[in-house]
file upload_39.txt (compact mmCIF, N, CA and C atoms)
# COMPACT_ATOMS: atom_id res chain seq x y z
N MET A 1298 12.43 11.16 -11.43
CA MET A 1298 11.75 12.20 -10.70
C MET A 1298 12.25 12.26 -9.25
N THR A 1299 12.06 11.27 -8.49
CA THR A 1299 12.36 11.13 -7.05
C THR A 1299 12.18 12.42 -6.26
N GLU A 1300 13.24 12.92 -5.65
CA GLU A 1300 13.13 14.07 -4.75
C GLU A 1300 12.49 15.27 -5.43
N GLU A 1301 12.84 15.52 -6.66
CA GLU A 1301 12.29 16.66 -7.40
C GLU A 1301 10.78 16.53 -7.54
N GLY A 1302 10.31 15.34 -7.88
CA GLY A 1302 8.87 15.11 -8.02
C GLY A 1302 8.12 15.24 -6.71
N ARG A 1303 8.75 14.80 -5.61
CA ARG A 1303 8.10 14.88 -4.30
C ARG A 1303 7.97 16.31 -3.81
N LYS A 1304 8.78 17.23 -4.31
CA LYS A 1304 8.68 18.64 -3.90
C LYS A 1304 7.33 19.24 -4.27
N ALA A 1305 6.68 18.69 -5.29
CA ALA A 1305 5.37 19.20 -5.72
C ALA A 1305 4.23 18.68 -4.84
N TRP A 1306 4.50 17.68 -4.01
CA TRP A 1306 3.47 17.14 -3.13
C TRP A 1306 3.12 18.16 -2.05
N PRO A 1307 1.88 18.14 -1.55
CA PRO A 1307 1.54 18.97 -0.38
C PRO A 1307 2.41 18.57 0.82
N ASP A 1308 2.62 19.51 1.74
CA ASP A 1308 3.48 19.25 2.91
C ASP A 1308 3.05 18.01 3.68
N PHE A 1309 1.74 17.82 3.91
CA PHE A 1309 1.31 16.68 4.71
C PHE A 1309 1.62 15.35 4.03
N ILE A 1310 1.64 15.32 2.70
CA ILE A 1310 2.00 14.09 1.97
C ILE A 1310 3.50 13.83 2.12
N ARG A 1311 4.33 14.86 1.94
CA ARG A 1311 5.78 14.70 2.12
C ARG A 1311 6.12 14.26 3.55
N GLU A 1312 5.44 14.86 4.54
CA GLU A 1312 5.69 14.49 5.94
C GLU A 1312 5.29 13.04 6.21
N ASP A 1313 4.17 12.60 5.65
CA ASP A 1313 3.73 11.22 5.81
C ASP A 1313 4.73 10.27 5.15
N PHE A 1314 5.24 10.64 3.97
CA PHE A 1314 6.24 9.81 3.29
C PHE A 1314 7.46 9.63 4.18
N GLU A 1315 7.99 10.72 4.73
CA GLU A 1315 9.18 10.65 5.57
C GLU A 1315 8.93 9.81 6.83
N ALA A 1316 7.76 9.94 7.42
CA ALA A 1316 7.45 9.23 8.66
C ALA A 1316 7.16 7.75 8.47
N ASN A 1317 6.62 7.36 7.30
CA ASN A 1317 6.11 6.00 7.14
C ASN A 1317 6.70 5.21 5.98
N ARG A 1318 7.75 5.68 5.35
CA ARG A 1318 8.26 4.98 4.17
C ARG A 1318 8.84 3.59 4.46
N PHE A 1319 9.02 3.27 5.73
CA PHE A 1319 9.48 1.92 6.09
C PHE A 1319 8.37 1.10 6.74
N SER A 1320 7.16 1.60 6.71
CA SER A 1320 6.03 0.91 7.34
C SER A 1320 5.65 -0.35 6.57
N GLY A 1321 5.47 -1.44 7.29
CA GLY A 1321 5.02 -2.69 6.69
C GLY A 1321 3.51 -2.89 6.77
N ARG A 1322 2.77 -1.87 7.23
CA ARG A 1322 1.31 -1.95 7.33
C ARG A 1322 0.70 -1.65 5.97
N VAL A 1323 0.50 -2.68 5.17
CA VAL A 1323 0.03 -2.50 3.79
C VAL A 1323 -1.49 -2.51 3.67
N GLY A 1324 -2.18 -2.48 4.80
CA GLY A 1324 -3.64 -2.44 4.81
C GLY A 1324 -4.14 -1.63 5.99
N THR A 1325 -5.45 -1.43 6.03
CA THR A 1325 -6.03 -0.71 7.16
C THR A 1325 -6.29 -1.64 8.34
N ARG A 1326 -6.39 -2.96 8.06
CA ARG A 1326 -6.62 -3.93 9.13
C ARG A 1326 -6.01 -5.27 8.76
N LEU A 1327 -5.23 -5.84 9.67
CA LEU A 1327 -4.67 -7.18 9.47
C LEU A 1327 -5.75 -8.18 9.85
N LEU A 1328 -6.22 -8.95 8.88
CA LEU A 1328 -7.30 -9.91 9.12
C LEU A 1328 -6.79 -11.23 9.66
N SER A 1329 -5.62 -11.66 9.15
CA SER A 1329 -5.11 -12.98 9.51
C SER A 1329 -3.62 -13.04 9.21
N GLU A 1330 -2.91 -13.81 10.03
CA GLU A 1330 -1.49 -14.06 9.76
C GLU A 1330 -1.17 -15.48 10.17
N THR A 1331 -0.48 -16.19 9.25
CA THR A 1331 0.01 -17.53 9.55
C THR A 1331 1.52 -17.50 9.31
N ASP A 1332 2.15 -18.66 9.34
CA ASP A 1332 3.58 -18.69 9.03
C ASP A 1332 3.83 -18.52 7.53
N ARG A 1333 2.78 -18.52 6.71
CA ARG A 1333 2.92 -18.40 5.26
C ARG A 1333 2.40 -17.09 4.68
N VAL A 1334 1.33 -16.51 5.26
CA VAL A 1334 0.69 -15.34 4.65
C VAL A 1334 0.23 -14.33 5.70
N ARG A 1335 0.10 -13.08 5.24
CA ARG A 1335 -0.62 -12.03 5.96
C ARG A 1335 -1.77 -11.62 5.05
N VAL A 1336 -2.97 -11.58 5.62
CA VAL A 1336 -4.14 -11.17 4.85
C VAL A 1336 -4.61 -9.83 5.41
N TRP A 1337 -4.67 -8.84 4.54
CA TRP A 1337 -5.03 -7.48 4.92
C TRP A 1337 -6.34 -7.05 4.27
N GLU A 1338 -7.00 -6.14 4.93
CA GLU A 1338 -8.16 -5.46 4.36
C GLU A 1338 -7.78 -3.99 4.22
N ILE A 1339 -8.21 -3.40 3.13
CA ILE A 1339 -8.14 -1.95 2.95
C ILE A 1339 -9.56 -1.49 2.69
N ARG A 1340 -10.09 -0.68 3.59
CA ARG A 1340 -11.43 -0.09 3.42
C ARG A 1340 -11.29 1.41 3.57
N LEU A 1341 -11.65 2.12 2.51
CA LEU A 1341 -11.51 3.57 2.52
C LEU A 1341 -12.83 4.21 2.10
N ALA A 1342 -13.34 5.08 2.94
CA ALA A 1342 -14.52 5.87 2.60
C ALA A 1342 -14.10 6.93 1.59
N PRO A 1343 -15.03 7.54 0.88
CA PRO A 1343 -14.66 8.60 -0.06
C PRO A 1343 -13.81 9.68 0.64
N GLY A 1344 -12.68 10.02 0.02
CA GLY A 1344 -11.76 11.01 0.57
C GLY A 1344 -10.74 10.46 1.54
N GLU A 1345 -10.96 9.26 2.08
CA GLU A 1345 -10.06 8.66 3.05
C GLU A 1345 -8.82 8.09 2.34
N ARG A 1346 -7.70 8.04 3.08
CA ARG A 1346 -6.48 7.47 2.50
C ARG A 1346 -5.74 6.62 3.52
N ILE A 1347 -5.02 5.65 3.00
CA ILE A 1347 -4.08 4.89 3.80
C ILE A 1347 -2.72 5.51 3.50
N GLY A 1348 -1.96 5.78 4.56
CA GLY A 1348 -0.68 6.45 4.41
C GLY A 1348 0.36 5.59 3.71
N PHE A 1349 1.53 6.16 3.58
CA PHE A 1349 2.63 5.47 2.90
C PHE A 1349 2.98 4.18 3.61
N HIS A 1350 3.34 3.20 2.81
CA HIS A 1350 3.77 1.91 3.29
C HIS A 1350 4.69 1.30 2.25
N ARG A 1351 5.47 0.32 2.68
CA ARG A 1351 6.48 -0.31 1.82
C ARG A 1351 6.10 -1.76 1.56
N HIS A 1352 6.06 -2.12 0.29
CA HIS A 1352 5.86 -3.52 -0.11
C HIS A 1352 7.23 -4.12 -0.40
N VAL A 1353 7.56 -5.21 0.29
CA VAL A 1353 8.81 -5.95 0.04
C VAL A 1353 8.53 -7.41 -0.26
N LEU A 1354 7.33 -7.86 0.08
CA LEU A 1354 6.95 -9.27 -0.11
C LEU A 1354 6.16 -9.44 -1.40
N ASP A 1355 6.25 -10.61 -1.99
CA ASP A 1355 5.36 -10.95 -3.10
C ASP A 1355 3.94 -10.88 -2.55
N TYR A 1356 3.00 -10.36 -3.35
CA TYR A 1356 1.64 -10.22 -2.87
C TYR A 1356 0.68 -10.09 -4.03
N PHE A 1357 -0.61 -10.17 -3.70
CA PHE A 1357 -1.64 -9.81 -4.67
C PHE A 1357 -2.74 -9.08 -3.94
N TRP A 1358 -3.46 -8.26 -4.67
CA TRP A 1358 -4.66 -7.62 -4.14
C TRP A 1358 -5.82 -7.91 -5.07
N THR A 1359 -7.01 -7.89 -4.47
CA THR A 1359 -8.26 -8.03 -5.21
C THR A 1359 -9.18 -6.90 -4.78
N ALA A 1360 -9.73 -6.18 -5.74
CA ALA A 1360 -10.71 -5.15 -5.45
C ALA A 1360 -12.05 -5.83 -5.15
N VAL A 1361 -12.57 -5.60 -3.97
CA VAL A 1361 -13.85 -6.18 -3.58
C VAL A 1361 -14.99 -5.32 -4.13
N THR A 1362 -14.75 -4.01 -4.18
CA THR A 1362 -15.73 -3.07 -4.72
C THR A 1362 -15.11 -2.30 -5.88
N PRO A 1363 -15.93 -1.79 -6.78
CA PRO A 1363 -15.37 -0.91 -7.82
C PRO A 1363 -15.08 0.46 -7.21
N GLY A 1364 -14.22 1.21 -7.87
CA GLY A 1364 -13.95 2.55 -7.37
C GLY A 1364 -12.78 3.21 -8.07
N ARG A 1365 -12.44 4.39 -7.55
CA ARG A 1365 -11.33 5.18 -8.09
C ARG A 1365 -10.40 5.57 -6.95
N ALA A 1366 -9.10 5.58 -7.24
CA ALA A 1366 -8.12 5.94 -6.22
C ALA A 1366 -6.97 6.71 -6.83
N LYS A 1367 -6.30 7.45 -5.95
CA LYS A 1367 -5.08 8.19 -6.32
C LYS A 1367 -3.97 7.70 -5.42
N SER A 1368 -2.77 7.55 -6.00
CA SER A 1368 -1.64 7.03 -5.27
C SER A 1368 -0.40 7.87 -5.56
N HIS A 1369 0.34 8.23 -4.52
CA HIS A 1369 1.64 8.88 -4.64
C HIS A 1369 2.70 7.80 -4.53
N ALA A 1370 3.65 7.78 -5.44
CA ALA A 1370 4.72 6.78 -5.41
C ALA A 1370 6.04 7.45 -5.00
N GLU A 1371 6.96 6.63 -4.52
CA GLU A 1371 8.25 7.11 -4.02
C GLU A 1371 8.98 8.00 -5.03
N ASP A 1372 8.83 7.71 -6.31
CA ASP A 1372 9.56 8.48 -7.33
C ASP A 1372 8.92 9.84 -7.62
N GLY A 1373 7.85 10.18 -6.90
CA GLY A 1373 7.21 11.47 -7.08
C GLY A 1373 6.00 11.45 -8.00
N THR A 1374 5.78 10.35 -8.67
CA THR A 1374 4.63 10.28 -9.58
C THR A 1374 3.33 10.16 -8.79
N ILE A 1375 2.26 10.64 -9.40
CA ILE A 1375 0.91 10.53 -8.84
C ILE A 1375 0.08 9.83 -9.90
N VAL A 1376 -0.56 8.74 -9.51
CA VAL A 1376 -1.31 7.92 -10.45
C VAL A 1376 -2.76 7.83 -9.97
N GLU A 1377 -3.70 8.02 -10.88
CA GLU A 1377 -5.11 7.76 -10.59
C GLU A 1377 -5.51 6.50 -11.33
N ALA A 1378 -6.31 5.68 -10.68
CA ALA A 1378 -6.72 4.40 -11.26
C ALA A 1378 -8.20 4.15 -11.00
N VAL A 1379 -8.81 3.39 -11.90
CA VAL A 1379 -10.19 2.95 -11.76
C VAL A 1379 -10.15 1.44 -11.57
N TYR A 1380 -10.88 0.94 -10.58
CA TYR A 1380 -10.88 -0.48 -10.25
C TYR A 1380 -12.27 -1.07 -10.46
N SER A 1381 -12.29 -2.31 -10.91
CA SER A 1381 -13.53 -3.08 -11.06
C SER A 1381 -13.59 -4.12 -9.96
N ALA A 1382 -14.78 -4.42 -9.47
CA ALA A 1382 -14.94 -5.48 -8.48
C ALA A 1382 -14.40 -6.78 -9.05
N GLY A 1383 -13.57 -7.46 -8.28
CA GLY A 1383 -12.97 -8.72 -8.72
C GLY A 1383 -11.64 -8.56 -9.42
N GLU A 1384 -11.28 -7.34 -9.78
CA GLU A 1384 -9.97 -7.11 -10.42
C GLU A 1384 -8.87 -7.52 -9.45
N THR A 1385 -7.87 -8.23 -9.96
CA THR A 1385 -6.77 -8.74 -9.15
C THR A 1385 -5.46 -8.46 -9.84
N ARG A 1386 -4.45 -8.07 -9.05
CA ARG A 1386 -3.10 -7.85 -9.59
C ARG A 1386 -2.10 -8.53 -8.67
N HIS A 1387 -1.08 -9.13 -9.30
CA HIS A 1387 -0.02 -9.85 -8.58
C HIS A 1387 1.30 -9.10 -8.74
N PHE A 1388 2.12 -9.12 -7.68
CA PHE A 1388 3.41 -8.44 -7.67
C PHE A 1388 4.47 -9.37 -7.09
N VAL A 1389 5.66 -9.36 -7.70
CA VAL A 1389 6.79 -10.16 -7.24
C VAL A 1389 7.99 -9.23 -7.13
N TYR A 1390 8.71 -9.33 -6.01
CA TYR A 1390 9.88 -8.47 -5.77
C TYR A 1390 11.13 -9.32 -5.66
N GLY A 1391 12.19 -8.87 -6.33
CA GLY A 1391 13.49 -9.50 -6.22
C GLY A 1391 14.19 -9.05 -4.95
N LYS A 1392 15.35 -9.61 -4.69
CA LYS A 1392 16.13 -9.27 -3.49
C LYS A 1392 16.33 -7.76 -3.42
N ASP A 1393 15.95 -7.18 -2.28
CA ASP A 1393 16.09 -5.75 -1.98
C ASP A 1393 15.22 -4.84 -2.84
N GLU A 1394 14.29 -5.39 -3.61
CA GLU A 1394 13.34 -4.56 -4.36
C GLU A 1394 12.15 -4.25 -3.47
N TYR A 1395 11.49 -3.14 -3.75
CA TYR A 1395 10.35 -2.72 -2.95
C TYR A 1395 9.55 -1.67 -3.71
N LYS A 1396 8.39 -1.35 -3.16
CA LYS A 1396 7.55 -0.26 -3.67
C LYS A 1396 6.99 0.49 -2.46
N ILE A 1397 7.04 1.82 -2.53
CA ILE A 1397 6.47 2.65 -1.48
C ILE A 1397 5.38 3.50 -2.12
N HIS A 1398 4.19 3.51 -1.49
CA HIS A 1398 3.10 4.33 -2.01
C HIS A 1398 2.03 4.53 -0.95
N ASP A 1399 1.12 5.44 -1.21
CA ASP A 1399 -0.08 5.62 -0.39
C ASP A 1399 -1.27 5.32 -1.28
N LEU A 1400 -2.49 5.47 -0.77
CA LEU A 1400 -3.68 5.23 -1.57
C LEU A 1400 -4.82 6.05 -0.99
N GLN A 1401 -5.47 6.85 -1.84
CA GLN A 1401 -6.60 7.66 -1.42
C GLN A 1401 -7.81 7.34 -2.29
N ASN A 1402 -8.95 7.16 -1.64
CA ASN A 1402 -10.20 6.94 -2.36
C ASN A 1402 -10.66 8.29 -2.91
N VAL A 1403 -10.68 8.43 -4.22
CA VAL A 1403 -11.15 9.67 -4.85
C VAL A 1403 -12.50 9.46 -5.54
N GLY A 1404 -13.14 8.34 -5.23
CA GLY A 1404 -14.45 8.04 -5.78
C GLY A 1404 -15.57 8.48 -4.85
N ALA A 1405 -16.79 8.16 -5.25
CA ALA A 1405 -17.99 8.57 -4.51
C ALA A 1405 -18.52 7.49 -3.56
N ALA A 1406 -17.92 6.29 -3.60
CA ALA A 1406 -18.39 5.18 -2.75
C ALA A 1406 -17.19 4.56 -2.03
N ASP A 1407 -17.48 3.75 -1.01
CA ASP A 1407 -16.41 3.07 -0.28
C ASP A 1407 -15.57 2.22 -1.24
N LEU A 1408 -14.28 2.17 -0.98
CA LEU A 1408 -13.34 1.38 -1.76
C LEU A 1408 -12.77 0.31 -0.84
N TRP A 1409 -12.78 -0.94 -1.31
CA TRP A 1409 -12.43 -2.06 -0.46
C TRP A 1409 -11.56 -3.03 -1.24
N PHE A 1410 -10.41 -3.39 -0.66
CA PHE A 1410 -9.48 -4.36 -1.25
C PHE A 1410 -9.14 -5.42 -0.21
N THR A 1411 -8.80 -6.60 -0.69
CA THR A 1411 -8.16 -7.63 0.12
C THR A 1411 -6.77 -7.83 -0.46
N THR A 1412 -5.76 -7.83 0.41
CA THR A 1412 -4.37 -7.99 -0.01
C THR A 1412 -3.78 -9.18 0.73
N VAL A 1413 -3.07 -10.05 0.01
CA VAL A 1413 -2.43 -11.21 0.61
C VAL A 1413 -0.93 -11.12 0.33
N GLU A 1414 -0.13 -11.08 1.40
CA GLU A 1414 1.33 -11.07 1.29
C GLU A 1414 1.86 -12.47 1.59
N PHE A 1415 2.89 -12.88 0.85
CA PHE A 1415 3.50 -14.19 1.04
C PHE A 1415 4.78 -14.03 1.86
N LEU A 1416 4.77 -14.57 3.08
CA LEU A 1416 5.87 -14.37 4.02
C LEU A 1416 7.14 -15.12 3.64
N ASP A 1417 7.04 -16.09 2.73
CA ASP A 1417 8.23 -16.83 2.30
C ASP A 1417 8.85 -16.23 1.04
N SER A 1418 8.66 -14.93 0.83
CA SER A 1418 9.24 -14.23 -0.32
C SER A 1418 10.75 -14.10 -0.13
N VAL A 1419 11.45 -13.65 -1.16
CA VAL A 1419 12.90 -13.52 -1.11
C VAL A 1419 13.35 -12.48 -0.08
N ASN A 1420 12.54 -11.44 0.15
CA ASN A 1420 12.85 -10.43 1.16
C ASN A 1420 12.18 -10.78 2.48
N ALA A 1421 12.82 -10.43 3.56
CA ALA A 1421 12.24 -10.69 4.89
C ALA A 1421 11.04 -9.78 5.11
N PRO A 1422 10.02 -10.27 5.81
CA PRO A 1422 8.85 -9.43 6.12
C PRO A 1422 9.26 -8.26 7.00
N LEU A 1423 8.60 -7.13 6.80
CA LEU A 1423 8.81 -5.98 7.67
C LEU A 1423 8.03 -6.17 8.95
N GLU A 1424 8.52 -5.60 10.03
CA GLU A 1424 7.80 -5.62 11.30
C GLU A 1424 6.53 -4.78 11.17
N ILE A 1425 5.48 -5.22 11.81
CA ILE A 1425 4.23 -4.44 11.82
C ILE A 1425 3.76 -4.32 13.26
N ASP A 1426 3.07 -3.24 13.57
CA ASP A 1426 2.49 -3.04 14.89
C ASP A 1426 1.08 -3.59 14.84
N THR A 1427 0.90 -4.81 15.34
CA THR A 1427 -0.42 -5.46 15.27
C THR A 1427 -1.41 -4.88 16.25
N LYS A 1428 -0.97 -4.06 17.20
CA LYS A 1428 -1.90 -3.45 18.14
C LYS A 1428 -2.84 -2.47 17.46
N LEU A 1429 -2.50 -2.02 16.26
CA LEU A 1429 -3.33 -1.05 15.55
C LEU A 1429 -4.42 -1.70 14.73
N SER A 1430 -4.39 -3.01 14.56
CA SER A 1430 -5.36 -3.70 13.71
C SER A 1430 -6.71 -3.75 14.34

call {"tool": "encode", "arguments": {"input": "upload_39.txt", "output": "structure tokens"}}
result
Amino acid sequence: MTEEGRKAWPDFIREDFEANRFSGRVGTRLLSETDRVRVWEIRLAPGERIGFHRHVLDYFWTAVTPGRAKSHAEDGTIVEAVYSAGETRHFVYGKDEYKIHDLQNVGAADLWFTTVEFLDSVNAPLEIDTKLS
């Protein structure tokens, strides 16, 4: 799909993709960072979204609350998902592998995740602007 699939996105989604596809801010707030991990929080009110960001590090997320979300992926696909409280998923990336996506809360209640990135992954961590946390 890639470019062809992205043409169907609304203009503001395509513009956000172009502006933020190299962003290492994988959460709405950086809770903690050590020499081994970055711990992020994602809290989205109904209708709220976190813009595009790039995952290059091995990581996992845990849904703190149940909810529903929609995500646009780099290849142009749009995925809707339902999450259960406590649901956890792990991701591992090989050299130069990555994932770019956004996330929008399409449910009726706040959606909350905790994400932990492992800084000793095969890919180098992306720079983040910690002043925004």

call {"tool": "atom_distance", "arguments": {"input": "upload_39.txt", "atom1": "atom CA of Glu1371 of chain A", "atom2": "atom C of Ala1305 of chain A"}}
result
12.3 Å

call {"tool": "closest_residue", "arguments": {"input": "upload_39.txt", "among": "A:Lys1367, A:Leu1408, A:Asn1420, A:Ile1425", "to": "Arg1340 of chain A", "atoms": "all atoms listed in the file"}}
result
A:Leu1408

call {"tool": "closest_residue", "arguments": {"input": "upload_39.txt", "among": "A:Ala1378, A:Ala1370, A:Leu1328, A:Leu1341", "to": "Arg1303 of chain A", "atoms": "all atoms listed in the file"}}
result
A:Ala1370

call {"tool": "residues_around", "arguments": {"input": "upload_39.txt", "residues": "Gly1348 of chain A", "least_positions_apart": "3", "cutoff": "8 Å", "atoms": "only C-alpha atoms", "output": "count of residues only"}}
result
6

call {"tool": "closest_residue", "arguments": {"input": "upload_39.txt", "among": "A:Ala1421, A:Phe1410, A:Gly1321, A:Leu1327", "to": "Ile1339 of chain A", "atoms": "only N, CA and C atoms"}}
result
A:Phe1410

call {"tool": "build_atoms", "arguments": {"input": "upload_39.txt", "residues": "segment 1400-1422 of chain A", "atoms": "N, CA, C and O atoms", "output": "PDB file, keeping the file's coordinate frame"}}
result
ATOM      1  N   LEU A1400      -2.490   5.470  -0.770  1.00  0.00           N
ATOM      2  CA  LEU A1400      -3.680   5.230  -1.570  1.00  0.00           C
ATOM      3  C   LEU A1400      -4.820   6.050  -0.990  1.00  0.00           C
ATOM      4  O   LEU A1400      -5.093   5.963   0.205  1.00  0.00           O
ATOM      5  N   GLN A1401      -5.470   6.850  -1.840  1.00  0.00           N
ATOM      6  CA  GLN A1401      -6.600   7.660  -1.420  1.00  0.00           C
ATOM      7  C   GLN A1401      -7.810   7.340  -2.290  1.00  0.00           C
ATOM      8  O   GLN A1401      -7.706   7.292  -3.519  1.00  0.00           O
ATOM      9  N   ASN A1402      -8.950   7.160  -1.640  1.00  0.00           N
ATOM     10  CA  ASN A1402     -10.200   6.940  -2.360  1.00  0.00           C
ATOM     11  C   ASN A1402     -10.660   8.290  -2.910  1.00  0.00           C
ATOM     12  O   ASN A1402     -11.014   9.176  -2.138  1.00  0.00           O
ATOM     13  N   VAL A1403     -10.680   8.430  -4.220  1.00  0.00           N
ATOM     14  CA  VAL A1403     -11.150   9.670  -4.850  1.00  0.00           C
ATOM     15  C   VAL A1403     -12.500   9.460  -5.540  1.00  0.00           C
ATOM     16  O   VAL A1403     -12.946  10.301  -6.304  1.00  0.00           O
ATOM     17  N   GLY A1404     -13.140   8.340  -5.230  1.00  0.00           N
ATOM     18  CA  GLY A1404     -14.450   8.040  -5.780  1.00  0.00           C
ATOM     19  C   GLY A1404     -15.570   8.480  -4.850  1.00  0.00           C
ATOM     20  O   GLY A1404     -15.332   9.062  -3.793  1.00  0.00           O
ATOM     21  N   ALA A1405     -16.790   8.160  -5.250  1.00  0.00           N
ATOM     22  CA  ALA A1405     -17.990   8.570  -4.510  1.00  0.00           C
ATOM     23  C   ALA A1405     -18.520   7.490  -3.560  1.00  0.00           C
ATOM     24  O   ALA A1405     -19.452   7.738  -2.809  1.00  0.00           O
ATOM     25  N   ALA A1406     -17.920   6.290  -3.600  1.00  0.00           N
ATOM     26  CA  ALA A1406     -18.390   5.180  -2.750  1.00  0.00           C
ATOM     27  C   ALA A1406     -17.190   4.560  -2.030  1.00  0.00           C
ATOM     28  O   ALA A1406     -16.039   4.805  -2.386  1.00  0.00           O
ATOM     29  N   ASP A1407     -17.480   3.750  -1.010  1.00  0.00           N
ATOM     30  CA  ASP A1407     -16.410   3.070  -0.280  1.00  0.00           C
ATOM     31  C   ASP A1407     -15.570   2.220  -1.240  1.00  0.00           C
ATOM     32  O   ASP A1407     -16.113   1.633  -2.187  1.00  0.00           O
ATOM     33  N   LEU A1408     -14.280   2.170  -0.980  1.00  0.00           N
ATOM     34  CA  LEU A1408     -13.340   1.380  -1.760  1.00  0.00           C
ATOM     35  C   LEU A1408     -12.770   0.310  -0.840  1.00  0.00           C
ATOM     36  O   LEU A1408     -12.300   0.605   0.255  1.00  0.00           O
ATOM     37  N   TRP A1409     -12.780  -0.940  -1.310  1.00  0.00           N
ATOM     38  CA  TRP A1409     -12.430  -2.060  -0.460  1.00  0.00           C
ATOM     39  C   TRP A1409     -11.560  -3.030  -1.240  1.00  0.00           C
ATOM     40  O   TRP A1409     -11.910  -3.450  -2.352  1.00  0.00           O
ATOM     41  N   PHE A1410     -10.410  -3.390  -0.660  1.00  0.00           N
ATOM     42  CA  PHE A1410      -9.480  -4.360  -1.250  1.00  0.00           C
ATOM     43  C   PHE A1410      -9.140  -5.420  -0.210  1.00  0.00           C
ATOM     44  O   PHE A1410      -9.159  -5.158   0.990  1.00  0.00           O
ATOM     45  N   THR A1411      -8.800  -6.600  -0.690  1.00  0.00           N
ATOM     46  CA  THR A1411      -8.160  -7.630   0.120  1.00  0.00           C
ATOM     47  C   THR A1411      -6.770  -7.830  -0.460  1.00  0.00           C
ATOM     48  O   THR A1411      -6.619  -7.975  -1.680  1.00  0.00           O
ATOM     49  N   THR A1412      -5.760  -7.830   0.410  1.00  0.00           N
ATOM     50  CA  THR A1412      -4.370  -7.990  -0.010  1.00  0.00           C
ATOM     51  C   THR A1412      -3.780  -9.180   0.730  1.00  0.00           C
ATOM     52  O   THR A1412      -3.963  -9.302   1.953  1.00  0.00           O
ATOM     53  N   VAL A1413      -3.070 -10.050   0.010  1.00  0.00           N
ATOM     54  CA  VAL A1413      -2.430 -11.210   0.610  1.00  0.00           C
ATOM     55  C   VAL A1413      -0.930 -11.120   0.330  1.00  0.00           C
ATOM     56  O   VAL A1413      -0.513 -11.069  -0.837  1.00  0.00           O
ATOM     57  N   GLU A1414      -0.130 -11.080   1.400  1.00  0.00           N
ATOM     58  CA  GLU A1414       1.330 -11.070   1.290  1.00  0.00           C
ATOM     59  C   GLU A1414       1.860 -12.470   1.590  1.00  0.00           C
ATOM     60  O   GLU A1414       1.382 -13.131   2.512  1.00  0.00           O
ATOM     61  N   PHE A1415       2.890 -12.880   0.850  1.00  0.00           N
ATOM     62  CA  PHE A1415       3.500 -14.190   1.040  1.00  0.00           C
ATOM     63  C   PHE A1415       4.780 -14.030   1.860  1.00  0.00           C
ATOM     64  O   PHE A1415       5.754 -13.426   1.404  1.00  0.00           O
ATOM     65  N   LEU A1416       4.770 -14.570   3.080  1.00  0.00           N
ATOM     66  CA  LEU A1416       5.870 -14.370   4.020  1.00  0.00           C
ATOM     67  C   LEU A1416       7.140 -15.120   3.640  1.00  0.00           C
ATOM     68  O   LEU A1416       8.219 -14.810   4.151  1.00  0.00           O
ATOM     69  N   ASP A1417       7.040 -16.090   2.730  1.00  0.00           N
ATOM     70  CA  ASP A1417       8.230 -16.830   2.300  1.00  0.00           C
ATOM     71  C   ASP A1417       8.850 -16.230   1.040  1.00  0.00           C
ATOM     72  O   ASP A1417       9.549 -16.898   0.297  1.00  0.00           O
ATOM     73  N   SER A1418       8.660 -14.930   0.830  1.00  0.00           N
ATOM     74  CA  SER A1418       9.240 -14.230  -0.320  1.00  0.00           C
ATOM     75  C   SER A1418      10.750 -14.100  -0.130  1.00  0.00           C
ATOM     76  O   SER A1418      11.283 -14.354   0.949  1.00  0.00           O
ATOM     77  N   VAL A1419      11.450 -13.650  -1.160  1.00  0.00           N
ATOM     78  CA  VAL A1419      12.900 -13.520  -1.110  1.00  0.00           C
ATOM     79  C   VAL A1419      13.350 -12.480  -0.080  1.00  0.00           C
ATOM     80  O   VAL A1419      14.404 -12.611   0.521  1.00  0.00           O
ATOM     81  N   ASN A1420      12.540 -11.440   0.150  1.00  0.00           N
ATOM     82  CA  ASN A1420      12.850 -10.430   1.160  1.00  0.00           C
ATOM     83  C   ASN A1420      12.180 -10.780   2.480  1.00  0.00           C
ATOM     84  O   ASN A1420      11.085 -11.344   2.504  1.00  0.00           O
ATOM     85  N   ALA A1421      12.820 -10.430   3.560  1.00  0.00           N
ATOM     86  CA  ALA A1421      12.240 -10.690   4.890  1.00  0.00           C
ATOM     87  C   ALA A1421      11.040  -9.780   5.110  1.00  0.00           C
ATOM     88  O   ALA A1421      11.036  -8.624   4.667  1.00  0.00           O
ATOM     89  N   PRO A1422      10.020 -10.270   5.810  1.00  0.00           N
ATOM     90  CA  PRO A1422       8.850  -9.430   6.120  1.00  0.00           C
ATOM     91  C   PRO A1422       9.260  -8.260   7.000  1.00  0.00           C
ATOM     92  O   PRO A1422      10.163  -8.366   7.837  1.00  0.00           O
TER      93      PRO A1422
END
